[in-house]
Amino acid sequence: MSLPYERGALLPDTAADVAKLRAAWRIVERRQREGTLFNFTGLERSLELGGAEPGMLDDDLAPALVGDRLTELALDHLGGVPGRDDVFVANRLTAAIVAAMQVLVRPGDIVLGVSASYSHPVVHRAVQLAGGELVEAVGYDDFAAHLERHEPALVVLTRLAVSYEALATDELEAVAAEAERRGLPLFVDDAGGARVGPAVFDQPKTLELGAAAGATGLDKYGTTGPRLGLLAGRAELVGRIRARAIELGLEARPMLYPAVVHSLERYDPERVRALVAATGAVADALERRFPWVDRTPVAVKLQGEDTLGESARRAGKQVTDCHLVPYEATAALAMLLLRDHGMFTVHFAALPPGTSALLLKFLPPETLERFGGAERFAEAVESSLAELSGLVADEDSLRDLLGAASPALR
């Protein structure tokens with residue numbers, strides 16, 4: 001599997017990530033009972049139905065009763081045009097991207113991925129599953145240079161990368177214009193960018209970028225969930241993507257449509273800006289303690305390499321003496337934050353995570369206040385880093401912390 005970071009001996013594969021998550025769930029269960037769990041994932045993955053009657057939770061009734069309203073709201077949310085465009089709800093954003101690549105990519109095709117850092121691993125997997133090859137371009141200039149060396153069949157544009165670096169508006173528009181000039185179909189992987197771009201950076205909506213199709217996740221930033229993928233684009237193309245998704249079992253259950261309608265009706269760009277402001281306060285507090293933290297306009301990251309290096313330094317050891325690679329250092333820090341402080345971070349939200357960094361983004365201000373504020377947050381990170389420094393050379397304790405199997409059992 002293509003990942004932008006190195007695997008180690010403690011967490012060598014997705015099965016190990018699942019075991020780690022199960023270990024985290026045991027802590028979550030206890031913390032939830034005690035009322036000491038704080039959801040700092042920046043995601044909304046619950047099911048809110050609004051005023052929908054329980055009887056509407058039916059795969060036949062729900063689309064009949066709210067299907068038109070869902071299409072209307074989704075097209076407005078993603079910048080579509082009624083009559084020209086259509087929408088499709090997948091069982092998660094990954095499913096929407098996989099289904100789209102099944103239609104847009106043929107075996108042997110070159111797909112050019114454009115972002116501020118790198119495309120999400122799911123884009124790599126989806127293109128590979130379709131028989132294509134993804135070539136990465138960072139920013140417009142790199143994109144233009146790749147066009148001189150390759151003949152891509154498709155451009156996949158990510159405005160807000162998994163690293164939470166964003167493409168500037170002029171670069172977005174330049175990529176879209178050049179793709180149109182060359183007659184290349186454009187697909188937008190707009191996971192969180194569908195809301196962050198317009199609300200924070202005053203950018204066009206997804207389909208307003210000239211995309212043939214684009215998709216976002218309904219668990220991200222200003223929505224109320226659930227964790228579904230919302231795809232929109234030209235009606236004929238969406239029809240083909242929907243058909244392929246149904247064949248592969250990737251479509252969302254239509255009984256969930258009332259929750260999608262509720263989420264889109266409640267969406268407010270001001271909520272996105274409030275989440276960014278709370279994250280900025282935490283970033284300020286962390287920077288005062290750790291000058292090495294990596295900050296973007298909407299997120300703050302503790303890179304795995306820096307976490308490992310800081311822990312080794314505090315332990316008086318060389319990094320080579322530690323039984324961790326950077327990704328595992330992040331996993332251990334995330335587990336300590338959860339175990340000792342009840343802080344459930346986005347590290348646990350993906351299998352496998354898209355980055356080796358501990359990513360802090362779109363933190364709910366009310367949850368941050370209940371926890372004790374930004375300084376209390378930074379204190380907890382410092383405490384957990386100190387705890388990690390006592391574990392970096394203790395392989396058995398690290399395996400126990402991460403729910404990792406011993407080598408003899410693998």
# chains A, B, ... in the order shown; residues from 1 in each chain; ligands from 1
$ residues_around --residues "Val260 in chain A" --least-positions-apart "3" --cutoff "12 Å" --atoms "only C-alpha atoms" --output "PyMOL selection string"
chain A and resi 45-50+52+62-63+66-67+69-74+77+88-91+217-219+223-230+252-257+263-267
$ write_last_selection --atoms "N, CA and C atoms" --output "CSV table (one decimal), in the first residue's frame"
chain,number,residue,atom,x,y,z
A,45,ARG,N,-18.9,12.4,13.4
A,45,ARG,CA,-19.2,11.1,12.8
A,45,ARG,C,-20.4,10.5,13.4
A,46,SER,N,-21.2,11.2,14.1
A,46,SER,CA,-22.5,10.7,14.7
A,46,SER,C,-23.6,10.8,13.7
A,47,LEU,N,-24.8,10.4,14.1
A,47,LEU,CA,-26.0,10.4,13.2
A,47,LEU,C,-27.0,11.3,13.8
A,48,GLU,N,-27.2,12.5,13.2
A,48,GLU,CA,-28.3,13.4,13.6
A,48,GLU,C,-29.3,13.4,12.5
A,49,LEU,N,-30.6,13.1,12.9
A,49,LEU,CA,-31.7,13.0,12.0
A,49,LEU,C,-32.5,14.3,11.9
A,50,GLY,N,-32.3,15.3,12.8
A,50,GLY,CA,-33.1,16.4,12.9
A,50,GLY,C,-34.5,16.0,13.3
A,52,ALA,N,-36.6,14.1,11.6
A,52,ALA,CA,-37.1,12.9,10.8
A,52,ALA,C,-37.7,11.9,11.7
A,62,ALA,N,-37.1,6.9,2.4
A,62,ALA,CA,-36.2,8.1,2.6
A,62,ALA,C,-35.9,8.8,1.3
A,63,PRO,N,-35.4,8.0,0.2
A,63,PRO,CA,-35.1,8.7,-1.0
A,63,PRO,C,-36.4,9.3,-1.7
A,66,VAL,N,-37.2,12.6,0.7
A,66,VAL,CA,-36.2,13.7,0.8
A,66,VAL,C,-35.1,13.7,-0.3
A,67,GLY,N,-35.3,12.8,-1.3
A,67,GLY,CA,-34.2,12.7,-2.3
A,67,GLY,C,-34.1,14.0,-3.1
A,69,ARG,N,-34.8,17.1,-2.1
A,69,ARG,CA,-34.2,18.1,-1.2
A,69,ARG,C,-32.8,17.9,-1.1
A,70,LEU,N,-32.3,16.6,-0.9
A,70,LEU,CA,-30.9,16.3,-0.8
A,70,LEU,C,-30.2,16.8,-2.1
A,71,THR,N,-30.7,16.5,-3.2
A,71,THR,CA,-30.0,17.0,-4.5
A,71,THR,C,-29.9,18.5,-4.5
A,72,GLU,N,-31.0,19.2,-4.1
A,72,GLU,CA,-31.0,20.6,-4.1
A,72,GLU,C,-29.9,21.2,-3.2
A,73,LEU,N,-29.9,20.7,-2.0
A,73,LEU,CA,-28.9,21.1,-1.0
A,73,LEU,C,-27.5,20.8,-1.4
A,74,ALA,N,-27.2,19.6,-1.9
A,74,ALA,CA,-25.9,19.1,-2.2
A,74,ALA,C,-25.3,19.9,-3.4
A,77,HIS,N,-24.3,23.2,-2.1
A,77,HIS,CA,-23.2,23.1,-1.2
A,77,HIS,C,-21.9,22.9,-2.0
A,88,PHE,N,-24.5,12.1,-5.8
A,88,PHE,CA,-24.5,10.7,-5.4
A,88,PHE,C,-23.9,10.6,-4.0
A,89,VAL,N,-24.5,9.8,-3.1
A,89,VAL,CA,-24.0,9.6,-1.7
A,89,VAL,C,-23.4,8.3,-1.6
A,90,ALA,N,-22.1,8.2,-1.2
A,90,ALA,CA,-21.4,7.0,-1.0
A,90,ALA,C,-21.3,6.7,0.4
A,91,ASN,N,-20.9,5.4,0.7
A,91,ASN,CA,-20.8,5.0,2.2
A,91,ASN,C,-19.6,5.7,2.9
A,217,GLY,N,-16.3,14.9,2.2
A,217,GLY,CA,-16.8,14.0,3.3
A,217,GLY,C,-17.8,14.8,4.2
A,218,LEU,N,-18.8,14.2,4.6
A,218,LEU,CA,-19.8,14.9,5.4
A,218,LEU,C,-19.5,14.9,6.9
A,219,ASP,N,-18.3,14.3,7.3
A,219,ASP,CA,-17.9,14.4,8.7
A,219,ASP,C,-17.0,15.5,9.0
A,223,THR,N,-20.2,20.5,9.2
A,223,THR,CA,-21.3,19.6,9.0
A,223,THR,C,-21.6,18.9,10.4
A,224,THR,N,-22.7,18.1,10.3
A,224,THR,CA,-23.0,17.3,11.5
A,224,THR,C,-22.9,15.8,11.3
A,225,GLY,N,-22.2,15.4,10.2
A,225,GLY,CA,-22.1,14.0,9.9
A,225,GLY,C,-23.3,13.6,9.1
A,226,PRO,N,-23.5,12.3,9.0
A,226,PRO,CA,-22.6,11.2,9.4
A,226,PRO,C,-21.4,11.0,8.4
A,227,ARG,N,-20.7,10.0,8.6
A,227,ARG,CA,-19.4,9.8,7.9
A,227,ARG,C,-19.7,9.2,6.5
A,228,LEU,N,-20.2,10.0,5.6
A,228,LEU,CA,-20.6,9.6,4.3
A,228,LEU,C,-19.8,10.4,3.3
A,229,GLY,N,-19.7,10.0,2.0
A,229,GLY,CA,-19.1,10.7,1.0
A,229,GLY,C,-20.2,11.3,0.1
A,230,LEU,N,-20.0,12.6,-0.3
A,230,LEU,CA,-20.9,13.3,-1.1
A,230,LEU,C,-20.2,13.7,-2.4
A,252,ALA,N,-24.1,4.6,-0.3
A,252,ALA,CA,-24.7,4.7,1.1
A,252,ALA,C,-26.1,4.2,1.1
A,253,ARG,N,-26.5,3.7,2.3
A,253,ARG,CA,-27.9,3.2,2.4
A,253,ARG,C,-28.8,4.5,2.3
A,254,PRO,N,-29.8,4.4,1.4
A,254,PRO,CA,-30.7,5.6,1.2
A,254,PRO,C,-31.4,6.0,2.5
A,255,MET,N,-31.6,5.1,3.5
A,255,MET,CA,-32.2,5.4,4.7
A,255,MET,C,-31.5,6.5,5.5
A,256,LEU,N,-30.2,6.8,5.1
A,256,LEU,CA,-29.5,7.8,5.8
A,256,LEU,C,-29.7,9.2,5.2
A,257,TYR,N,-30.4,9.3,4.1
A,257,TYR,CA,-30.6,10.6,3.4
A,257,TYR,C,-31.1,11.7,4.3
A,263,SER,N,-27.8,17.7,7.9
A,263,SER,CA,-26.4,18.2,8.0
A,263,SER,C,-26.3,19.4,7.0
A,264,LEU,N,-26.7,19.2,5.8
A,264,LEU,CA,-26.5,20.3,4.8
A,264,LEU,C,-27.4,21.5,5.2
A,265,GLU,N,-28.6,21.3,5.7
A,265,GLU,CA,-29.5,22.4,6.1
A,265,GLU,C,-28.8,23.2,7.2
A,266,ARG,N,-28.1,22.6,8.1
A,266,ARG,CA,-27.5,23.2,9.3
A,266,ARG,C,-26.1,23.8,9.0
A,267,TYR,N,-25.6,23.6,7.8
A,267,TYR,CA,-24.2,24.0,7.6
A,267,TYR,C,-24.1,25.6,7.6
$ residues_around --residues "Pro365 in chain A" --least-positions-apart "3" --cutoff "7 Å" --atoms "only C-alpha atoms" --output "list in words"
Leu275, Ala278, Leu368 and Glu369 of chain A
$ closest_residue --among "A:Leu401, A:Leu57, A:Ala349, A:Ser356" --to "Thr41 in chain A" --atoms "only C-alpha atoms"
A:Ala349
$ select_by_dssp --residues "range 14-229 of chain A" --states "helix (DSSP H, G or I)" --output "VMD selection string"
chain A and resid 14 to 34 54 to 56 61 to 78 93 to 104 121 to 129 139 to 149 169 to 181 193 to 201 207 to 209
$ closest_residue --among "A:Gly139, A:Gly79, A:Gly403, A:Pro121" --to "Pro352 in chain A" --atoms "only C-alpha atoms"
A:Pro121
$ atom_distance --atom1 "CA of Ala312 in chain A" --atom2 "CA of Leu337 in chain A"
18.0 Å
$ select_by_dssp --residues "range 110-264 of chain A" --states "strand (DSSP E or B)" --output "count of residues only"
35
$ atom_distance --atom1 "CA of Ala100 in chain A" --atom2 "CA of Ala299 in chain A"
28.5 Å
$ residues_around --residues "range 391-399 of chain A" --least-positions-apart "5" --cutoff "9 Å" --atoms "only C-alpha atoms" --output "mmCIF file with C-alpha atoms, in the first residue's frame"
data_model
loop_
_atom_site.group_PDB
_atom_site.id
_atom_site.type_symbol
_atom_site.label_atom_id
_atom_site.label_comp_id
_atom_site.auth_asym_id
_atom_site.auth_seq_id
_atom_site.Cartn_x
_atom_site.Cartn_y
_atom_site.Cartn_z
ATOM 1 C CA LEU A 10 5.463 -2.108 15.980
ATOM 2 C CA LEU A 308 10.625 11.125 18.002
ATOM 3 C CA SER A 311 11.422 12.262 23.010
ATOM 4 C CA ALA A 312 14.886 10.847 22.362
ATOM 5 C CA ALA A 315 15.553 10.577 27.310
ATOM 6 C CA LYS A 317 19.333 8.911 23.779
ATOM 7 C CA VAL A 319 17.029 8.286 17.780
ATOM 8 C CA ASP A 321 18.431 3.772 20.215
ATOM 9 C CA CYS A 322 14.634 4.080 20.120
ATOM 10 C CA HIS A 323 12.316 1.247 19.106
ATOM 11 C CA LEU A 324 10.170 3.570 16.965
ATOM 12 C CA ALA A 329 6.136 7.927 17.794
ATOM 13 C CA ALA A 332 2.394 6.438 20.941
ATOM 14 C CA ALA A 404 0.969 -4.439 19.198
ATOM 15 C CA ALA A 405 1.526 -8.170 18.891
ATOM 16 C CA SER A 406 4.911 -9.563 19.809
#
$ closest_residue --among "A:Leu207, A:Val123, A:Leu65, A:Ala19" --to "Leu3 in chain A" --atoms "only C-alpha atoms"
A:Val123
$ closest_residue --among "A:Asp189, A:Asp13, A:Glu328, A:Asp58" --to "His120 in chain A" --atoms "only C-alpha atoms"
A:Asp189
$ residues_around --residues "Ala168 in chain A" --least-positions-apart "4" --cutoff "10 Å" --atoms "only C-alpha atoms" --output "PyMOL selection string"
chain A and resi 116+139-140+159-160+172-174+197+201+203
$ closest_residue --among "A:Ala99, A:Leu402, A:Val293, A:Gly113" --to "Val18 in chain A" --atoms "only C-alpha atoms"
A:Leu402
$ closest_residue --among "A:Ala259, A:Ala215, A:Leu157, A:Ala199" --to "Gly51 in chain A" --atoms "only C-alpha atoms"
A:Ala259
$ atom_distance --atom1 "CA of Asp202 in chain A" --atom2 "CA of Gly222 in chain A"
15.6 Å
